[in-house]
Amino acid sequence: MVNITLKDGSVKQYEAGTTVMQIAEDISKGLAKNALVGRFNDRVVDLSFPVEENGTLEILTFESEQGRDAYRHTSSHVLAQAVQRLFPGTKLAIGPAIDDGFYYDFDTEVTFTPDDLAKIEAEMEKIIKEDLPLVRKEISREEAIAFFKEKGENYKVELIEDLPEDAGISVYQQGDFIDLCAGPHVPSTGKIKAFKLMSVAGAYWRGSEKNKMLQRIYGTSFAKKADLDEYLYRLEEAKKRDHRKLGQELKLFAVMDEGPGFPFFFPKGMVLRNELENYWRQIHREWRYNEIKTPIILNQELWKRSGHWNHYKENMYTTTIDEEAYAIKPMNCPGAILVYSSELHSYRDLPIRIAELGLVHRHELSGALHGLMRVRSFTQDDAHIFCLPEQITDEIKGVIDLVDSVYKMFGFPYHVELSTKPEKYMGSDEAWETATSALENALREKGMEYKINPGDGAFYGPKIDFHLQDSLGRTWQCGTIQLDFQMPEKFEISYIGEDGQKHRPVMIHRVVFGSIERFIGILTEHYAGAFPTWLAPVQVKVIPITERQLEYAQKLGEELFAEGIRVEVDERSEKVGYKIREAQMEKVPYMLVVGDKELASGAVALRTRKEGDRGTMDFDEFKKLLHEEIRQKK
RNA sequence: GCUGGUGUAGCUCAGUGGUAGAGCAGCUGAUUCGUAAUCAGCAGGUCGUCGGUUCAAAUCCGACCACCAGCUCCA
């Protein structure tokens, strides 16, 4: 007999060899029905797993992450089986569960069309109806290699060959379909209740563009049809928040054919930019930064010296001036360094924090462009901190606080990554190690949670990245803090120490918004275009009911305008409903409806974007509320 | 850059080889109205670009450009 501790803390006795499924049935019928996999002593296992020793057991359903993963992983096997039935000879690569579903990568001469997806879905339905049990088998390495070689599954063979020597190898079989897989899986294909194939796309084998491009089919699956429908509905809703769509509808910004990746900002989009920049200048003043502006075009020699020419040339635009080679800046750091070295510095002056809203240009691959999120010219809200080695941690912690306070104000959820040494890098391994652990220490001292992003650092140093989410949950790097020992060396910058000798300062590159463009993209999706009043391109719309109140409406408008409010008066001879509908669709936070009553009493009828009709209010009182809300950036 | 898809009026979209369409927006006129669309009329398109097939191309073929999804890459 073995003692099994259940999730609620109770301990039950079972005969050794009792399966997880049997225990689930013993606990409750309902649980057994919803059970997908189990967690036995922190290991996620199949329901057919026999319990041979004492331990804790949790039955996992679709409600848990591991349950969902197993469910979707099984879904991907069903997909693979369907594809191989319909397109014999298709080779299988990998097919994992992902955040919102699953995918499988295939290698075949056939190009999958959207029609094929429908056929594959139909075949998957059949496989689900057949309710084939998934059977796990552990086999030896040699057996596995021989088996998959025999089937011509060379990707699987490659995967097995790359597994560590001591790794156990398992396969899962459902009907005549056998796939290399660590598992776990749900007990049978009939467990899949609701699924949908979403799209087909290319994906390089093992993520390297040097390898063959495979065809990846994306899908998702849910425990209930209603949940799938809800997921699809939410996707549709999220698409309405797409900043590219809202940017056009609200006349904020656009990217045009004439300049792929070079965004245009319209008057209303410029209001957002300018307000953000005002805010940015205010907080940078508070955090003791000085602002500079450096040129967009600088001599190529500078870029050779900085190492950009060596490491970043493919991304740089170049030009010739008076037969001399110049480059358009892809980063602001060399310019900032020139400013730093334009005078002598004492150790007493450090840290020196110089900020720059710097317009940079980078040649990004055409396929990578994406609205404002990924462009070829953008304004970094950059700053370079020159400091003593012993000031590094405090400076980094300061930047973390600054970034955190800004993201919190907007209510952005974010996550942090520590990006380490890339393949192409500058400087010594020791310097990289020192820099990386300095960043790590700062994060630890701040008690920040972070994940390591290996090999994703800048060529001159490791970095802390702050990632924000767009409406579809895709994450974009915005803030970043990069520690750099290389540029100071390259440019031989210095400060005069207590000893009267020259010493090398450390340089920290950092951005808070990241790029103004990307940040506006995120902001637009986050607020679904309904910007808080301090950012709203139009803050107040005055709506006279008839021409009789036009003069009064204009007077109110003038008064608000004089106080710095962004106000529009809707003078058209339309019905109130029409004007309100339009103001509402433009997402104007406040509407002042004025008719004969308001004209007589000198008041306004207030309507808010969020709450609708709020009744009459004294005009001065409204102005007070409005100014206060703008001041507080609520 | 790669794989697949898409490209028709300012916007959203219909139109599969035979004279380019709708709704919204725009303009003109009427309407003066109390919280999400008043009515009527008018105007608007080298069908992404270039080339080919055909008596005839938005429609078929090719190249290129741009966009969308994903991969790769990055703020």
# chains A, B, ... in the order shown; residues from 1 in each chain; ligands from 1

$ closest_atom_pairs --of "chain A" --to "chain B" --cutoff "8 Å" --atoms "only C-alpha atoms (C1' of nucleotides)" --output "Markdown table"
| residue | atom | partner | partner_atom | distance |
| --- | --- | --- | --- | --- |
| A:Thr113 | CA | B:G4 | C1' | 7.9 |
| A:Ser199 | CA | B:A69 | C1' | 7.5 |
| A:Val200 | CA | B:G4 | C1' | 6.7 |
| A:Ala201 | CA | B:G70 | C1' | 4.8 |
| A:Gly202 | CA | B:U3 | C1' | 4.0 |
| A:Ala203 | CA | B:C71 | C1' | 4.3 |
| A:Tyr204 | CA | B:C71 | C1' | 6.0 |
| A:Gly207 | CA | B:C71 | C1' | 7.2 |
| A:Ser208 | CA | B:U72 | C1' | 7.0 |
| A:Glu209 | CA | B:U72 | C1' | 6.0 |
| A:Met213 | CA | B:U3 | C1' | 7.0 |
| A:Leu214 | CA | B:U3 | C1' | 7.8 |
| A:Gln215 | CA | B:U3 | C1' | 7.2 |
| A:Asp257 | CA | B:A66 | C1' | 5.8 |
| A:Pro260 | CA | B:A66 | C1' | 7.8 |
| A:Glu364 | CA | B:C73 | C1' | 7.9 |
| A:Leu365 | CA | B:G1 | C1' | 6.1 |
| A:Ser366 | CA | B:G1 | C1' | 7.3 |
| A:Gly367 | CA | B:G1 | C1' | 7.3 |
| A:Ala368 | CA | B:C73 | C1' | 7.6 |
| A:Gln380 | CA | B:A75 | C1' | 7.1 |
| A:Gln477 | CA | B:A75 | C1' | 6.4 |
| A:Cys478 | CA | B:A75 | C1' | 5.8 |
| A:Gly479 | CA | B:A75 | C1' | 7.8 |
| A:Gly514 | CA | B:A75 | C1' | 5.0 |
| A:Ser515 | CA | B:A75 | C1' | 5.3 |
| A:Arg518 | CA | B:A75 | C1' | 7.4 |
| A:Ile545 | CA | B:G34 | C1' | 7.1 |
| A:Thr546 | CA | B:U32 | C1' | 5.1 |
| A:Glu547 | CA | B:U32 | C1' | 6.5 |
| A:Ser573 | CA | B:U32 | C1' | 7.3 |
| A:Glu574 | CA | B:C33 | C1' | 8.0 |
| A:Lys575 | CA | B:C33 | C1' | 5.5 |
| A:Val576 | CA | B:U35 | C1' | 6.8 |
| A:Gly577 | CA | B:U35 | C1' | 6.1 |
| A:Tyr578 | CA | B:A37 | C1' | 5.7 |
| A:Ile580 | CA | B:A36 | C1' | 6.3 |
| A:Arg581 | CA | B:A36 | C1' | 4.0 |
| A:Glu582 | CA | B:A36 | C1' | 7.6 |
| A:Gln584 | CA | B:A36 | C1' | 7.1 |
| A:Val593 | CA | B:U35 | C1' | 8.0 |
| A:Gly595 | CA | B:G34 | C1' | 7.1 |
| A:Arg607 | CA | B:U35 | C1' | 7.6 |
| A:Gly612 | CA | B:U35 | C1' | 7.6 |
| A:Asp613 | CA | B:U35 | C1' | 6.2 |

$ write_last_selection --atoms "N, CA and C atoms" --output "CSV table (one decimal), in the first residue's frame"
chain,number,residue,atom,x,y,z
A,113,THR,N,-3.0,25.4,-47.9
A,113,THR,CA,-3.9,26.5,-48.2
A,113,THR,C,-4.9,26.6,-47.1
A,199,SER,N,-4.1,29.4,-38.4
A,199,SER,CA,-3.4,29.9,-39.5
A,199,SER,C,-2.2,29.0,-39.8
A,200,VAL,N,-1.6,29.3,-41.0
A,200,VAL,CA,-0.4,28.6,-41.4
A,200,VAL,C,0.6,29.6,-41.7
A,201,ALA,N,1.9,29.3,-41.3
A,201,ALA,CA,2.9,30.3,-41.5
A,201,ALA,C,4.3,29.5,-41.6
A,202,GLY,N,5.2,30.2,-42.2
A,202,GLY,CA,6.5,29.6,-42.3
A,202,GLY,C,7.3,29.7,-41.0
A,203,ALA,N,8.1,28.7,-40.7
A,203,ALA,CA,9.0,28.8,-39.5
A,203,ALA,C,10.2,28.0,-39.8
A,204,TYR,N,11.4,28.5,-39.4
A,204,TYR,CA,12.6,27.8,-39.7
A,204,TYR,C,12.8,26.7,-38.7
A,207,GLY,N,14.5,27.3,-35.5
A,207,GLY,CA,14.5,28.8,-35.4
A,207,GLY,C,15.7,29.5,-36.0
A,208,SER,N,16.4,28.8,-36.9
A,208,SER,CA,17.5,29.4,-37.5
A,208,SER,C,17.3,29.6,-39.0
A,209,GLU,N,17.5,30.9,-39.4
A,209,GLU,CA,17.2,31.2,-40.8
A,209,GLU,C,18.2,30.4,-41.8
A,213,MET,N,12.9,26.2,-44.3
A,213,MET,CA,11.7,26.8,-43.7
A,213,MET,C,10.6,25.7,-43.8
A,214,LEU,N,10.0,25.5,-42.7
A,214,LEU,CA,8.9,24.5,-42.6
A,214,LEU,C,7.6,25.2,-42.6
A,215,GLN,N,6.5,24.4,-42.7
A,215,GLN,CA,5.2,25.0,-42.6
A,215,GLN,C,4.6,24.8,-41.2
A,257,ASP,N,2.6,54.1,-48.1
A,257,ASP,CA,3.4,53.4,-49.1
A,257,ASP,C,4.7,54.1,-49.4
A,260,PRO,N,7.7,53.1,-46.2
A,260,PRO,CA,7.5,51.9,-45.3
A,260,PRO,C,8.3,52.0,-44.1
A,364,GLU,N,15.4,48.0,-40.8
A,364,GLU,CA,14.8,46.7,-40.3
A,364,GLU,C,14.3,45.9,-41.5
A,365,LEU,N,14.3,44.6,-41.4
A,365,LEU,CA,13.8,43.7,-42.4
A,365,LEU,C,12.4,44.1,-42.7
A,366,SER,N,12.1,44.1,-44.0
A,366,SER,CA,10.7,44.6,-44.4
A,366,SER,C,9.6,43.7,-43.7
A,367,GLY,N,9.9,42.4,-43.6
A,367,GLY,CA,8.9,41.6,-42.9
A,367,GLY,C,8.7,41.8,-41.4
A,368,ALA,N,9.6,42.6,-40.9
A,368,ALA,CA,9.5,42.8,-39.4
A,368,ALA,C,8.7,44.0,-39.1
A,380,GLN,N,14.0,57.7,-29.7
A,380,GLN,CA,14.3,57.1,-28.4
A,380,GLN,C,14.3,58.1,-27.3
A,477,GLN,N,9.5,45.1,-26.4
A,477,GLN,CA,10.5,45.7,-25.5
A,477,GLN,C,10.4,47.2,-25.5
A,478,CYS,N,10.2,47.8,-24.4
A,478,CYS,CA,10.1,49.3,-24.3
A,478,CYS,C,11.3,49.8,-23.5
A,479,GLY,N,11.2,49.8,-22.2
A,479,GLY,CA,12.3,50.3,-21.5
A,479,GLY,C,13.5,49.4,-21.5
A,514,GLY,N,11.2,53.8,-24.3
A,514,GLY,CA,11.8,52.9,-25.3
A,514,GLY,C,11.9,53.7,-26.6
A,515,SER,N,10.8,53.7,-27.4
A,515,SER,CA,10.7,54.7,-28.5
A,515,SER,C,9.3,55.3,-28.3
A,518,ARG,N,6.7,53.5,-30.5
A,518,ARG,CA,6.2,52.2,-30.0
A,518,ARG,C,5.4,52.4,-28.7
A,545,ILE,N,-27.3,72.9,-29.1
A,545,ILE,CA,-28.4,72.1,-29.6
A,545,ILE,C,-29.0,72.7,-30.9
A,546,THR,N,-29.1,74.1,-30.9
A,546,THR,CA,-29.6,74.7,-32.1
A,546,THR,C,-28.7,76.0,-32.3
A,547,GLU,N,-28.9,76.6,-33.4
A,547,GLU,CA,-28.1,77.8,-33.8
A,547,GLU,C,-28.3,78.9,-32.7
A,573,SER,N,-25.2,72.2,-38.3
A,573,SER,CA,-26.6,72.2,-38.0
A,573,SER,C,-27.1,70.8,-38.0
A,574,GLU,N,-26.6,70.0,-37.1
A,574,GLU,CA,-27.0,68.6,-37.0
A,574,GLU,C,-27.8,68.4,-35.7
A,575,LYS,N,-28.5,67.3,-35.6
A,575,LYS,CA,-29.2,67.0,-34.3
A,575,LYS,C,-28.2,66.7,-33.2
A,576,VAL,N,-28.5,66.9,-31.9
A,576,VAL,CA,-27.6,66.6,-30.8
A,576,VAL,C,-27.1,65.2,-30.9
A,577,GLY,N,-28.1,64.3,-31.1
A,577,GLY,CA,-27.7,62.8,-31.1
A,577,GLY,C,-26.6,62.6,-32.1
A,578,TYR,N,-26.6,63.2,-33.2
A,578,TYR,CA,-25.6,63.0,-34.2
A,578,TYR,C,-24.3,63.5,-33.8
A,580,ILE,N,-23.3,64.0,-30.7
A,580,ILE,CA,-22.8,63.3,-29.6
A,580,ILE,C,-22.2,61.9,-30.0
A,581,ARG,N,-22.9,61.3,-31.0
A,581,ARG,CA,-22.4,60.1,-31.5
A,581,ARG,C,-21.0,60.2,-32.1
A,582,GLU,N,-20.8,61.3,-32.8
A,582,GLU,CA,-19.5,61.5,-33.4
A,582,GLU,C,-18.5,61.8,-32.3
A,584,GLN,N,-18.5,60.9,-29.3
A,584,GLN,CA,-18.3,59.6,-28.6
A,584,GLN,C,-17.4,58.7,-29.4
A,593,VAL,N,-23.1,69.9,-23.6
A,593,VAL,CA,-24.3,70.1,-24.4
A,593,VAL,C,-25.0,71.4,-23.9
A,595,GLY,N,-28.2,74.1,-24.5
A,595,GLY,CA,-29.4,74.4,-25.1
A,595,GLY,C,-29.9,75.7,-24.5
A,607,ARG,N,-21.7,65.8,-20.4
A,607,ARG,CA,-21.8,64.3,-20.8
A,607,ARG,C,-20.4,63.8,-20.8
A,612,GLY,N,-21.8,58.9,-19.8
A,612,GLY,CA,-22.9,59.5,-20.5
A,612,GLY,C,-23.4,60.7,-19.8
A,613,ASP,N,-24.7,61.0,-19.9
A,613,ASP,CA,-25.3,62.2,-19.4
A,613,ASP,C,-25.2,62.4,-17.9

$ residues_around --residues "A:Asn332" --least-positions-apart "5" --cutoff "12 Å" --atoms "only C-alpha atoms (C1' of nucleotides)" --output "short mmCIF file (atom, residue, chain, number, x, y, z; two decimals) with all heavy atoms, in the first residue's frame"
data_model
loop_
_atom_site.label_atom_id
_atom_site.label_comp_id
_atom_site.auth_asym_id
_atom_site.auth_seq_id
_atom_site.Cartn_x
_atom_site.Cartn_y
_atom_site.Cartn_z
N ILE A 292 20.02 67.09 -24.05
CA ILE A 292 20.84 67.54 -25.19
C ILE A 292 20.15 67.14 -26.49
O ILE A 292 19.15 66.45 -26.48
CB ILE A 292 22.26 66.90 -25.17
CG1 ILE A 292 22.15 65.37 -25.23
CG2 ILE A 292 23.03 67.34 -23.94
CD1 ILE A 292 23.46 64.68 -25.55
N LYS A 293 20.71 67.62 -27.60
CA LYS A 293 20.27 67.16 -28.92
C LYS A 293 21.52 66.97 -29.77
O LYS A 293 22.35 67.87 -29.84
CB LYS A 293 19.34 68.20 -29.54
CG LYS A 293 18.76 67.84 -30.87
CD LYS A 293 17.70 66.76 -30.80
CE LYS A 293 16.32 67.29 -30.50
NZ LYS A 293 15.34 66.18 -30.29
N THR A 294 21.67 65.80 -30.34
CA THR A 294 22.84 65.56 -31.18
C THR A 294 22.40 65.30 -32.61
O THR A 294 21.25 64.93 -32.85
CB THR A 294 23.68 64.35 -30.66
OG1 THR A 294 22.95 63.14 -30.89
CG2 THR A 294 23.98 64.49 -29.18
N PRO A 295 23.31 65.50 -33.58
CA PRO A 295 22.91 65.43 -34.99
C PRO A 295 22.49 64.03 -35.42
O PRO A 295 22.92 63.03 -34.85
CB PRO A 295 24.18 65.84 -35.73
CG PRO A 295 25.03 66.52 -34.72
CD PRO A 295 24.71 65.90 -33.41
N ILE A 296 21.68 64.01 -36.46
CA ILE A 296 21.19 62.74 -37.01
C ILE A 296 22.23 62.11 -37.93
O ILE A 296 22.34 60.90 -38.02
CB ILE A 296 19.85 63.00 -37.75
CG1 ILE A 296 18.77 63.26 -36.72
CG2 ILE A 296 19.49 61.83 -38.65
CD1 ILE A 296 17.43 63.62 -37.30
N ILE A 297 23.00 62.96 -38.60
CA ILE A 297 24.03 62.45 -39.50
C ILE A 297 25.40 62.77 -38.93
O ILE A 297 25.66 63.92 -38.55
CB ILE A 297 23.89 63.10 -40.90
CG1 ILE A 297 22.51 62.79 -41.48
CG2 ILE A 297 25.00 62.61 -41.83
CD1 ILE A 297 22.27 63.44 -42.83
N LEU A 298 26.24 61.76 -38.83
CA LEU A 298 27.59 61.98 -38.32
C LEU A 298 28.58 61.19 -39.17
O LEU A 298 28.22 60.19 -39.80
CB LEU A 298 27.69 61.55 -36.85
CG LEU A 298 26.93 62.44 -35.85
CD1 LEU A 298 26.77 61.75 -34.53
CD2 LEU A 298 27.62 63.79 -35.69
N LEU A 302 33.31 58.14 -36.92
CA LEU A 302 32.78 58.04 -35.56
C LEU A 302 32.17 56.66 -35.33
O LEU A 302 32.37 56.04 -34.29
CB LEU A 302 31.72 59.13 -35.35
CG LEU A 302 31.00 59.09 -34.01
CD1 LEU A 302 31.86 59.71 -32.93
CD2 LEU A 302 29.66 59.79 -34.09
N TRP A 303 31.45 56.19 -36.34
CA TRP A 303 30.77 54.90 -36.20
C TRP A 303 31.74 53.75 -36.26
O TRP A 303 31.48 52.68 -35.71
CB TRP A 303 29.68 54.78 -37.29
CG TRP A 303 28.69 55.89 -37.17
CD1 TRP A 303 28.59 56.98 -37.97
CD2 TRP A 303 27.72 56.06 -36.13
NE1 TRP A 303 27.61 57.82 -37.51
CE2 TRP A 303 27.05 57.27 -36.38
CE3 TRP A 303 27.35 55.30 -35.02
CZ2 TRP A 303 26.03 57.76 -35.56
CZ3 TRP A 303 26.34 55.78 -34.20
CH2 TRP A 303 25.69 56.99 -34.48
N SER A 306 33.19 53.72 -32.70
CA SER A 306 32.26 53.23 -31.68
C SER A 306 32.01 51.73 -31.79
O SER A 306 31.50 51.12 -30.85
CB SER A 306 30.92 53.95 -31.80
OG SER A 306 30.27 53.55 -33.00
N HIS A 308 30.03 50.50 -34.05
CA HIS A 308 28.76 50.28 -34.75
C HIS A 308 29.00 49.78 -36.18
O HIS A 308 28.27 48.94 -36.68
CB HIS A 308 27.93 51.56 -34.79
CG HIS A 308 27.27 51.87 -33.48
ND1 HIS A 308 27.93 52.52 -32.47
CD2 HIS A 308 26.04 51.58 -33.01
CE1 HIS A 308 27.11 52.64 -31.44
NE2 HIS A 308 25.96 52.08 -31.73
N ILE A 337 28.52 60.72 -26.11
CA ILE A 337 29.91 60.64 -25.65
C ILE A 337 30.68 61.88 -26.10
O ILE A 337 31.47 62.44 -25.34
CB ILE A 337 30.58 59.36 -26.19
CG1 ILE A 337 29.99 58.17 -25.43
CG2 ILE A 337 32.08 59.42 -26.04
CD1 ILE A 337 30.54 56.85 -25.84
N LEU A 338 30.43 62.33 -27.34
CA LEU A 338 31.10 63.53 -27.82
C LEU A 338 30.75 64.73 -26.93
O LEU A 338 31.60 65.56 -26.64
CB LEU A 338 30.71 63.82 -29.27
CG LEU A 338 31.20 62.80 -30.30
CD1 LEU A 338 30.85 63.25 -31.70
CD2 LEU A 338 32.71 62.56 -30.17
N VAL A 339 29.50 64.77 -26.49
CA VAL A 339 29.10 65.86 -25.60
C VAL A 339 29.85 65.74 -24.27
O VAL A 339 30.40 66.71 -23.77
CB VAL A 339 27.57 65.85 -25.35
CG1 VAL A 339 27.19 66.85 -24.27
CG2 VAL A 339 26.84 66.17 -26.65
N ILE A 354 22.83 62.61 -19.03
CA ILE A 354 22.39 63.44 -20.15
C ILE A 354 21.38 62.69 -21.00
O ILE A 354 21.61 61.58 -21.45
CB ILE A 354 23.55 64.00 -20.99
CG1 ILE A 354 24.61 62.94 -21.25
CG2 ILE A 354 24.17 65.19 -20.31
CD1 ILE A 354 25.79 63.51 -22.03
N ALA A 355 20.25 63.36 -21.17
CA ALA A 355 19.12 62.75 -21.86
C ALA A 355 18.96 63.36 -23.23
O ALA A 355 19.39 64.48 -23.49
CB ALA A 355 17.85 62.98 -21.05
N GLU A 356 18.36 62.59 -24.13
CA GLU A 356 18.13 63.08 -25.49
C GLU A 356 16.95 62.38 -26.11
O GLU A 356 16.89 61.15 -26.13
CB GLU A 356 19.38 62.81 -26.36
CG GLU A 356 19.10 63.08 -27.84
CD GLU A 356 20.32 62.96 -28.73
OE1 GLU A 356 21.31 62.33 -28.30
OE2 GLU A 356 20.27 63.50 -29.84
N LEU A 357 16.00 63.16 -26.61
CA LEU A 357 14.95 62.57 -27.44
C LEU A 357 15.58 62.47 -28.82
O LEU A 357 15.59 63.44 -29.58
CB LEU A 357 13.71 63.46 -27.43
CG LEU A 357 12.98 63.50 -26.08
CD1 LEU A 357 11.90 64.56 -26.08
CD2 LEU A 357 12.38 62.14 -25.76
N GLY A 358 16.16 61.33 -29.10
CA GLY A 358 16.99 61.19 -30.29
C GLY A 358 16.31 60.41 -31.39
O GLY A 358 15.88 59.29 -31.18
N LEU A 359 16.25 61.03 -32.57
CA LEU A 359 15.63 60.36 -33.72
C LEU A 359 16.66 59.45 -34.37
O LEU A 359 17.67 59.92 -34.88
CB LEU A 359 15.14 61.42 -34.72
CG LEU A 359 14.56 60.87 -36.02
CD1 LEU A 359 13.34 60.00 -35.75
CD2 LEU A 359 14.21 62.02 -36.96
N VAL A 360 16.42 58.16 -34.32
CA VAL A 360 17.35 57.21 -34.93
C VAL A 360 16.70 56.49 -36.11
O VAL A 360 15.48 56.39 -36.17
CB VAL A 360 17.85 56.17 -33.90
CG1 VAL A 360 18.60 56.85 -32.77
CG2 VAL A 360 16.69 55.34 -33.34
N HIS A 361 17.53 56.03 -37.02
CA HIS A 361 17.06 55.29 -38.19
C HIS A 361 17.76 53.93 -38.22
O HIS A 361 18.97 53.87 -38.03
CB HIS A 361 17.38 56.05 -39.48
CG HIS A 361 16.55 57.28 -39.66
ND1 HIS A 361 16.75 58.42 -38.91
CD2 HIS A 361 15.52 57.55 -40.51
CE1 HIS A 361 15.87 59.33 -39.30
NE2 HIS A 361 15.11 58.84 -40.26
N ARG A 362 16.99 52.89 -38.42
CA ARG A 362 17.60 51.56 -38.52
C ARG A 362 16.94 50.83 -39.67
O ARG A 362 15.73 50.85 -39.81
CB ARG A 362 17.36 50.76 -37.23
CG ARG A 362 17.98 51.41 -36.03
CD ARG A 362 17.73 50.58 -34.79
NE ARG A 362 18.29 51.26 -33.63
CZ ARG A 362 18.18 50.82 -32.38
NH1 ARG A 362 17.51 49.71 -32.13
NH2 ARG A 362 18.72 51.49 -31.38
N PHE A 378 12.64 56.11 -35.49
CA PHE A 378 11.92 56.32 -34.25
C PHE A 378 12.73 57.17 -33.29
O PHE A 378 13.93 57.34 -33.44
CB PHE A 378 11.53 54.99 -33.60
CG PHE A 378 12.67 54.04 -33.34
CD1 PHE A 378 13.22 53.93 -32.07
CD2 PHE A 378 13.16 53.25 -34.35
CE1 PHE A 378 14.26 53.03 -31.82
CE2 PHE A 378 14.20 52.34 -34.11
CZ PHE A 378 14.75 52.25 -32.84
N THR A 379 12.01 57.74 -32.33
CA THR A 379 12.63 58.64 -31.37
C THR A 379 12.81 57.91 -30.05
O THR A 379 11.83 57.54 -29.40
CB THR A 379 11.74 59.87 -31.16
OG1 THR A 379 11.50 60.45 -32.43
CG2 THR A 379 12.43 60.87 -30.26
N GLN A 380 14.05 57.69 -29.69
CA GLN A 380 14.30 57.06 -28.40
C GLN A 380 14.32 58.13 -27.32
O GLN A 380 14.89 59.19 -27.51
CB GLN A 380 15.66 56.36 -28.42
CG GLN A 380 15.70 55.17 -29.34
CD GLN A 380 17.02 54.43 -29.24
OE1 GLN A 380 18.07 55.02 -29.45
NE2 GLN A 380 16.97 53.16 -28.92
N ASP A 381 13.68 57.82 -26.19
CA ASP A 381 13.78 58.76 -25.06
C ASP A 381 15.02 58.34 -24.27
O ASP A 381 14.97 57.81 -23.19
CB ASP A 381 12.52 58.74 -24.19
CG ASP A 381 12.31 57.43 -23.49
OD1 ASP A 381 12.50 56.38 -24.12
OD2 ASP A 381 11.97 57.45 -22.29
N ASP A 382 16.15 58.63 -24.90
CA ASP A 382 17.43 58.09 -24.47
C ASP A 382 18.05 58.88 -23.33
O ASP A 382 17.69 60.04 -23.11
CB ASP A 382 18.38 58.13 -25.67
CG ASP A 382 19.25 56.91 -25.74
OD1 ASP A 382 19.39 56.22 -24.71
OD2 ASP A 382 19.79 56.63 -26.83
N ALA A 383 18.94 58.25 -22.61
CA ALA A 383 19.81 58.99 -21.70
C ALA A 383 21.06 58.17 -21.48
O ALA A 383 21.04 56.94 -21.58
CB ALA A 383 19.12 59.27 -20.38
N HIS A 384 22.15 58.85 -21.25
CA HIS A 384 23.42 58.19 -20.95
C HIS A 384 23.91 58.71 -19.62
O HIS A 384 23.99 59.91 -19.42
CB HIS A 384 24.40 58.42 -22.09
CG HIS A 384 23.92 57.79 -23.37
ND1 HIS A 384 23.14 58.47 -24.26
CD2 HIS A 384 24.06 56.53 -23.85
CE1 HIS A 384 22.83 57.65 -25.26
NE2 HIS A 384 23.36 56.47 -25.03
N MET A 487 32.16 51.42 -24.78
CA MET A 487 32.21 52.74 -25.41
C MET A 487 33.20 53.68 -24.70
O MET A 487 33.97 54.36 -25.37
CB MET A 487 30.83 53.39 -25.43
CG MET A 487 29.81 52.67 -26.29
SD MET A 487 30.07 52.95 -28.03
CE MET A 487 29.19 51.53 -28.64
N HIS A 509 23.40 53.15 -20.67
CA HIS A 509 22.43 53.61 -21.65
C HIS A 509 21.07 53.21 -21.10
O HIS A 509 20.91 52.10 -20.60
CB HIS A 509 22.57 52.90 -22.99
CG HIS A 509 23.95 52.83 -23.54
ND1 HIS A 509 24.27 53.31 -24.78
CD2 HIS A 509 25.10 52.30 -23.06
CE1 HIS A 509 25.54 53.08 -25.03
NE2 HIS A 509 26.08 52.47 -23.99
N ARG A 510 20.11 54.07 -21.26
CA ARG A 510 18.77 53.67 -20.82
C ARG A 510 17.67 54.43 -21.55
O ARG A 510 17.87 55.57 -21.98
CB ARG A 510 18.60 53.84 -19.31
CG ARG A 510 19.06 55.15 -18.73
CD ARG A 510 17.93 56.07 -18.34
NE ARG A 510 17.30 56.76 -19.46
CZ ARG A 510 16.31 57.63 -19.31
NH1 ARG A 510 15.84 57.93 -18.11
NH2 ARG A 510 15.76 58.23 -20.35
N VAL A 511 16.54 53.79 -21.72
CA VAL A 511 15.34 54.46 -22.22
C VAL A 511 14.19 54.06 -21.30
O VAL A 511 14.23 53.00 -20.68
CB VAL A 511 14.99 54.05 -23.68
CG1 VAL A 511 15.98 54.62 -24.67
CG2 VAL A 511 14.90 52.55 -23.81
#

$ select_by_dssp --residues "stretch 133-328 of chain A" --states "strand (DSSP E)" --output "ChimeraX atom specification"
/A:135-139,169-174,177-180,194-204,213-222,253-254,264-265,290-291,297-299,318-321,324-328

$ residues_around --residues "A:Met256" --least-positions-apart "6" --cutoff "12 Å" --atoms "only C-alpha atoms (C1' of nucleotides)" --output "PyMOL selection string"
(chain A and resi 244+248+262-265+371-372+375) or (chain B and resi 66-67)

$ residues_around --residues "A:Ile169" --least-positions-apart "5" --cutoff "9 Å" --atoms "only C-alpha atoms (C1' of nucleotides)" --output "ChimeraX atom specification"
/A:137-141,144,160,163,180-182

$ select_by_dssp --residues "stretch 219-396 of chain A" --states "alpha helix (DSSP H)" --output "ChimeraX atom specification"
/A:225-240,243-249,267-286,300-306,308-312,333-340,392-396

$ residues_around --residues "B:U16" --least-positions-apart "5" --cutoff "10 Å" --atoms "only C-alpha atoms (C1' of nucleotides)" --output "ChimeraX atom specification"
/B:58-60

$ closest_residue --among "A:Glu123, A:Glu291, A:Asp69, A:Glu517" --to "A:Gly269" --atoms "only C-alpha atoms"
A:Glu517

$ atom_distance --atom1 "atom CA of A:Leu439" --atom2 "atom CA of A:Ile496"
25.6 Å

$ residues_around --residues "A:Glu430" --least-positions-apart "5" --cutoff "12 Å" --atoms "only C-alpha atoms (C1' of nucleotides)" --output "list of chain:residue names"
A:Lys421, A:Ala435, A:Thr436, A:Ser437, A:Gly461, A:Phe485, A:Gln486
